[in-house]
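Enquirer: Supplied in structure tokens, the structure appears directly below.
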Amino acid sequence: MDSRTYYKADIIEALIPKKDSTKSSVYYAKILVEGHPPLKTNEVARELDGKAVWNKHFMLPIDMETQLEIKSKHNFNFQTWLPFSRQTQEIRLDFPSDDVLHYDASQRGYILVRLYRPEEPISEPISVGKSFSVLISQLDAFIQIVGVASQIHPFVNLAWQVVSSLYTIARDQLDRDKSIGELTDMMEGVYTFVDDIKSFPSRLASQEETIKKIMSQTIECMLFIQEYSGHGFCGRALNQQWASEQIQRFTRTFTMLKASLNTGVWVQIALTAHRMYEDVQSIAQTQTLAKLHPVDMDDPSRPTCLPQTRSDLLFSVLSWAVNPSSNQNVLWLHGPAGSGKSTVATTIANIIRDLGRLGAFVFFDRRMAARNDPAAVVRTIAFQLGEFDPRLGASISTVIKGTPSIRQSPLRQQFHKLLVQPLSESELAVWSQEGPVIVVIDALDECGHVGNREDLLSILALESVKLPPTLRIIVTSRTELDIQQALEAQKNICSTPIDINSPANDKDIHLYLSDRLQNIRSKNKYLSLPQEWPGHDVIDALAARAHGLFIWAYTAYRYVENALDLMYSTALESAGRWEDPAFSADFRDILGIVIAAKNPLTASTIDRLNEVASVSRTRPSLHTIQHLSCVFRGSTNEPIHVIHPSFEDFLTDRARCKRDEWFIDVYLSHQRLALQCISSLRANLKRNMCDLTLTRSGVVDVRILPEDVTYSCIFWIDHVCELEGTEESLSIVIYDLLVKHLLHWIETMSLLKKARHTIKLLMRLEDWSRSIQGRHQELCDLLADAVRFCQAFTAVIEQHPLLVYSSALPFSPTNSVLYQLFKDEISIPVVVGGFRDEWSPLLMDIPRPGGEVTSLSLSSDGSQLISTVARGCHVWDVISGELLIQGPKGDVAMTVFAPGGQLAASCLFSGSIVLWDTFSGQTIGQPLKRDQGAIYALAFSPDGTRLISGGQNCTIIMWNVQTASIILDLPATHTKTVLCLAFSPDGMRYASGSRDGAIRIWDAASGRMVLGPLHGHSGSVYSVAFTPDSTRVVSGTDDKHVCVWDIRSEGVSMPIKLRGHRSTVFSVAVSPDGRLIASASKDTTVRLWSLESGEELSLPRSPAQNACAKDATIRIWDIESVGSMGVTRKHKGLVSHLAFSQDGQRIVSGSLDRTVRVWDPITGQCLLGPLNLEQPVHSVALPADNVRILAADREGAVFAWDATTGMHLVATPADDPSNHSIVGPLSMERKWIVDSRTGTALTMLPTMSAVRSQASFGNCMVLGLANGGIVIVRFPDTPQLV
């Protein structure tokens, strides 16, 4: 610091001229000293007496001219030179009355200052602006010293960037802050090391680690000051108390770093982080996060940029990442294959990791199927972010606990629940004050393929804007069309192409080749290569051939040849023993597996696959691989890779590789690997692969299966399906595998936590089996059945792998191919008489969605379903039945999806309408409200821009969804409550139905009624729906009829009435193809009708005759199925009681249908009955004498019958069944049947009608169902049950 003489000046007050004082404004004084940052008072308003008062003190140098300005926000400006005084005195400086200000003498104002006598020379006061100037100057000099070849260059560059940016935007503000001034003054002292390095450059190497820490701490400190000053990502100043403590911590760290430089002693110094981390992340939280099943992204061998290359590109990307002024939170770095994108991404990730700001790093590889699944990206990022910040990890863990199957949710739902929702919670609001956190996504083009990454691209393009600005995402990829179309036009995405033709890129390739080839020379000293080898001409030639591609330069470095194919040929020629036919065969076998494998395999796994397939080779794979280390990576226990995809391209193109010994036929490789996988499955699969015991708690500790088995299970179907048009022989092999091991494979997939994958895999295999020449019909039939088996029972099989045998198989339809094939499986339960004959039309039911369901709405893509109950609404996944999100709570009448599926509207009985986001559950804007009374009906227009509502006051209102304003609000024409509304598919009209029994058709533009009132119903109209061509309207009402109205002409004739329901028709719908009508009624049935003929097409769907209307269950149906709903009904009402005879040879049942029946527990046949009562049956018994049947009704009356003839006998109170009951060894615990004595689980019941009664004897259990069915299950004889 300089020693200079200063004097003190007080800016006391100013009298503002009257002409200007009429304006409402604030005033401030500004002092300009040459060579110093500007000084400024605070802004104050003019007081009543016309004065602006500051009383602000300044220290000014006596040897510098000083200019004083008074300014306001209304362009008032007065400038003068501040005089210097040797004595302490007050000086009044009058405003001029000249033409410049247009003030006369009576309006003149003044400024009053007090000047103090100069003191003795004192140290210059701390100036933040001056310290920043020094830091920038020192960093500028240091950049020149270290050069681009240093490992610390990116850190120096970034430190310069953040200091310069902050100096530009905040120096005036920070100059007034004493604590920041002291901190930057300390930093200025630390940076004197630059002068030392200038004088003694040799000291740089020994101090590099400490200097790197100084750069990292500088960057972190500047990010803190950025937020502290209100110029950061948060946009507002930080809490002062916490900020003061943080400033002290930074000051202490810089003090220690300076001491380390001065002493030359390297010590471990913990840097101060602006981000506030918890000390410990609980083990339980880590285990919860692991339930996301993230993809392993562990690859420490990923190459990084050489220190002297890519400096401009790295600087550009890193500067964007820490720049809060950019409103683009995603950067897409793209370029052609081989341009070095992945190397740049890895380098950026490593730099950011060193700075403590790498939230997640995910990278893809088309050769590793486990890593490149688009469905795993969001949960992998969420896992890594949760590990990075325990606060976020806790929030994500809460989501996982609340939605255990979140990883099966749609990708957009995962994004919102695992990222957007946790980061928007108030507990994590501090995130926005802690500077940037960066997520790096590398090689997006290798993530899946064009078809299956569409959802991921949509999220990155459209949903990433919902993330906090402090979370920055860097994406690299080739410029693939689908990626370009998704990302390029988005305002929040910064598109950054890599220019492979730029001079900078050409220079980098030259530098890269020079460095790598010099590395070869230094490693091969025995070759006596000259110092200048290989020479500038050779490097220039190689760089020219690279055409801007780093992958070519990398390959050239590895082989130092003139062309890629020649390089590979030379490498192979020199490495292999091609004169040996066995070596050539081994090479093709091994390379074929490596290239065709969906995931890289170890050498030992390749050997085991060869072994089980009886490949005649005695030499292990590693014997061949070790001769080809120049083109392979991997070992016995590490996956084998080829060095680059270009080598695969070379080997799989006969015209390029030119030799049969090297050519790899990919088709044959898939065929060979498919057969090897099948052989592995045949050799290893068996029942109970891991010697488990069936438990209700699922699988806890399971031994790890060998890699050849797990790979074969997961990928064998993928390899088979690569073989389009194959001959029938492979179909025979597959059929032979499945007839022996299908259930074993499903069990193993459950062990691998991939039970749900079986559905899609089997569907794909079924499609393949139907497309090949000479198709195998038995295989097609088995696969179709297997798909249905997995659809029906995956939810059960997921609970425990052994439930494949103890639950899914016994409860499969008796006529199904799969049941007939495996029904004689040893030691499985037997459902006496079979549970059902054919597959049920019920694909899935969703029980207990929160109460009685009052409305359902399906998203336009069919993937989600909203159910409305009295207390709110819920969004469900149609495929899995999982609850995705809960919508608005309250007295909700109905909810409808908007086209597109992300917006929904709920109408409340209170008379308001709520718009909400179906992914987050959050409401959008304020409720729509108009005096309609309770609202019962809503409908969106086909384009989603309009919403109509109807309710208690008989009016229909049309709303603009975007502006939340009313478009149409016409007088009521219905005379009673509006109950239903529907838009026509062309958006031109809408229909309404009311309690007044009338249907009206309206013009959507004018609100004018164009047809109606249409009278054809004798009761309230509950539902209306248009046909796809908008020519007909279907309605359902109180009068039990479904009506079809032709609305093409003004003179509407009477409707066609569809008769069959026995009670009110609450809902109607028309199929998208316009052929079918579906109707649901209070009579508990769903019926299908032909729109053209009006005929009912199938039996009514009635899964629970007595309780379906209000059983709070959502059901999803297969409308093409002809199967029965479940077990055959034995009673016409709920089975209220069951009992075994004392010898276990008979079962007696009683029902609410007032009958008693006797059954054979071996055959399931009815032996006697019905025996009739006048009241519903309460209890039954077969006493020890075996000659009577006893029953009691609900009134307590006791009855007796002859057990042989069924004749009535006289009953006494002692004959009450309760006096003759026996307790069997088996019982029901929720959905499980267990041995009550040992607690041993025997089976878990699949979806069926509710169990209302039960009894057991020995190894037999009988269940009475709510729908009148009786299920008898016999378990294998075991010592516990005999």
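We name chains A, B, ... following the order of the structure tokens; residues begin at 1 in each chain, and ligands are numbered from 1 as shown.
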Excluding region 667-669 of chain A and any residue of its chain fewer than 2 positions from it, enumerate the residues within 8 Å of it, using only C-alpha atoms, and give them as a ChimeraX atom specification.
Expert: /A:589,592-593,596,664-665,671-673,722-723
Enquirer: Write out as a JSON list (two decimals) with N, CA and C atoms, in the first residue's frame which residues come within 6 Å of region 38-47 of chain A when counting only C-alpha atoms, dropping same-chain ones fewer than 5 positions away.
Expert:
[["chain", "number", "residue", "atom", "x", "y", "z"],
["A", 26, "VAL", "N", -34.86, 11.15, -5.67],
["A", 26, "VAL", "CA", -33.83, 11.00, -4.65],
["A", 26, "VAL", "C", -32.53, 11.56, -5.20],
["A", 27, "TYR", "N", -31.62, 11.99, -4.28],
["A", 27, "TYR", "CA", -30.42, 12.69, -4.67],
["A", 27, "TYR", "C", -29.21, 12.01, -4.04],
["A", 28, "TYR", "N", -28.07, 12.12, -4.71],
["A", 28, "TYR", "CA", -26.83, 11.59, -4.16],
["A", 28, "TYR", "C", -25.67, 12.43, -4.66],
["A", 29, "ALA", "N", -24.58, 12.38, -3.89],
["A", 29, "ALA", "CA", -23.35, 13.09, -4.26],
["A", 29, "ALA", "C", -22.31, 12.07, -4.68],
["A", 30, "LYS", "N", -21.53, 12.43, -5.70],
["A", 30, "LYS", "CA", -20.53, 11.53, -6.24],
["A", 30, "LYS", "C", -19.19, 12.27, -6.33],
["A", 31, "ILE", "N", -18.10, 11.62, -5.86],
["A", 31, "ILE", "CA", -16.78, 12.21, -5.87],
["A", 31, "ILE", "C", -15.89, 11.41, -6.80],
["A", 32, "LEU", "N", -15.27, 12.13, -7.74],
["A", 32, "LEU", "CA", -14.41, 11.50, -8.74],
["A", 32, "LEU", "C", -12.97, 11.95, -8.51],
["A", 52, "ALA", "N", -31.41, 18.04, 1.02],
["A", 52, "ALA", "CA", -31.03, 16.62, 1.00],
["A", 52, "ALA", "C", -29.82, 16.49, 1.92]]
Enquirer: Excluding Ile590 (chain A) and its own-chain neighbours fewer than 5 positions away, which residues fall within 12 Å of it when counting only C-alpha atoms? Please give them as a PyMOL selection string.
Expert: chain A and resi 583-585+595-597+600-607+609-610+615+617+619-625+628+632+640-642+662+664+669+672-673
Enquirer: Which value, in Å to one decimal, gives the distance between CA of Val378 (chain A) and CA of Asp861 (chain A)?
Expert: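 Between CA of Val378 (chain A) and CA of Asp861 (chain A) the gap works out to 21.4 Å.
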Enquirer: Could the residues of region 893-970 of chain A that have an atom at most 9 Å from region 1005-1023 of chain A be listed as a Markdown table, each with its closest atom pair and the distance in Å to one decimal, counting only C-alpha atoms and ordered by chain and ascending residue number?
Expert:
| residue | atom | partner | partner_atom | distance |
| --- | --- | --- | --- | --- |
| A:Met958 | CA | A:Gly1007 | CA | 8.6 |
| A:Leu968 | CA | A:Gly1007 | CA | 6.6 |
| A:Asp969 | CA | A:Gly1007 | CA | 8.3 |
| A:Leu970 | CA | A:Gly1007 | CA | 7.2 |
Enquirer: If you count only C-alpha atoms, which residues fall within 10 Å of region 414-428 of chain A, apart from same-chain ones fewer than 4 positions away, as JSON, numbers by chain?
Expert: {"A": [292, 375, 376, 377, 378, 379, 381, 382, 383, 385, 386, 391, 392, 393, 394, 395, 396, 397, 398, 399, 400, 403, 406, 407, 408, 409, 410, 432, 433, 456, 459, 460, 463, 464, 465, 466, 467, 468, 471, 884, 885, 919, 920, 921, 922]}
Enquirer: Report the distance between CA of Arg756 (chain A) and CA of Pro294 (chain A) in Å, rounded to one decimal place.
Expert: 16.9 Å
Enquirer: Taking only region 172-353 of chain A into account, list the residues labelled strand (DSSP E or B) by DSSP (computed from the backbone), as a list in words.
Expert: Val330, Leu331, Trp332, Leu333 and His334 of chain A
Enquirer: Based on the selection just made, write N, CA, C and O atoms of those residues as a compact mmCIF listing (two decimals), in the first residue's frame.
Expert:
# COMPACT_ATOMS: atom_id res chain seq x y z
N VAL A 330 -28.88 -24.35 -19.80
CA VAL A 330 -28.38 -25.56 -20.45
C VAL A 330 -27.45 -25.15 -21.58
O VAL A 330 -27.78 -24.25 -22.37
N LEU A 331 -26.28 -25.79 -21.65
CA LEU A 331 -25.36 -25.56 -22.76
C LEU A 331 -25.21 -26.85 -23.54
O LEU A 331 -24.86 -27.89 -22.96
N TRP A 332 -25.51 -26.78 -24.84
CA TRP A 332 -25.39 -27.96 -25.70
C TRP A 332 -24.14 -27.80 -26.56
O TRP A 332 -24.09 -26.96 -27.46
N LEU A 333 -23.13 -28.61 -26.27
CA LEU A 333 -21.88 -28.61 -27.01
C LEU A 333 -21.94 -29.75 -28.03
O LEU A 333 -22.01 -30.91 -27.64
N HIS A 334 -21.92 -29.42 -29.31
CA HIS A 334 -22.14 -30.46 -30.31
C HIS A 334 -21.14 -30.34 -31.45
O HIS A 334 -20.61 -29.27 -31.76
Enquirer: Would you compute the distance between CA of Leu802 (chain A) and CA of Arg687 (chain A)? Give it in Å to one decimal.
Expert: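 CA of Leu802 (chain A) sits 8.4 Å away from CA of Arg687 (chain A).
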Enquirer: For Arg654 (chain A), find every residue with an atom within 12 Å (counting only C-alpha atoms), except residues of its own chain fewer than 4 positions away, and show them as a list of chain:residue names.
Expert: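 Everything that qualifies: A:Asp565, A:Glu648, A:Asp649, A:Phe650, A:Lys658, A:Arg659, A:Asp660, A:Glu661, A:Trp662, A:Phe663, A:Ile664, A:Asp665, A:Val666.
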Enquirer: I'd like the neighbourhood of Lys1040 (chain A) as a ChimeraX atom specification, where a residue qualifies if any of its atoms comes within 10 Å (using only C-alpha atoms), though same-chain residues fewer than 5 positions away should be ignored.
Expert: /A:1017-1019,1057-1066,1081-1083
Enquirer: Do you know which residues are at most 9 Å from Asp986 (chain A) counting only C-alpha atoms, after dropping those on the same chain fewer than 4 positions away, and could you put them as a count of residues only?
Expert: 5
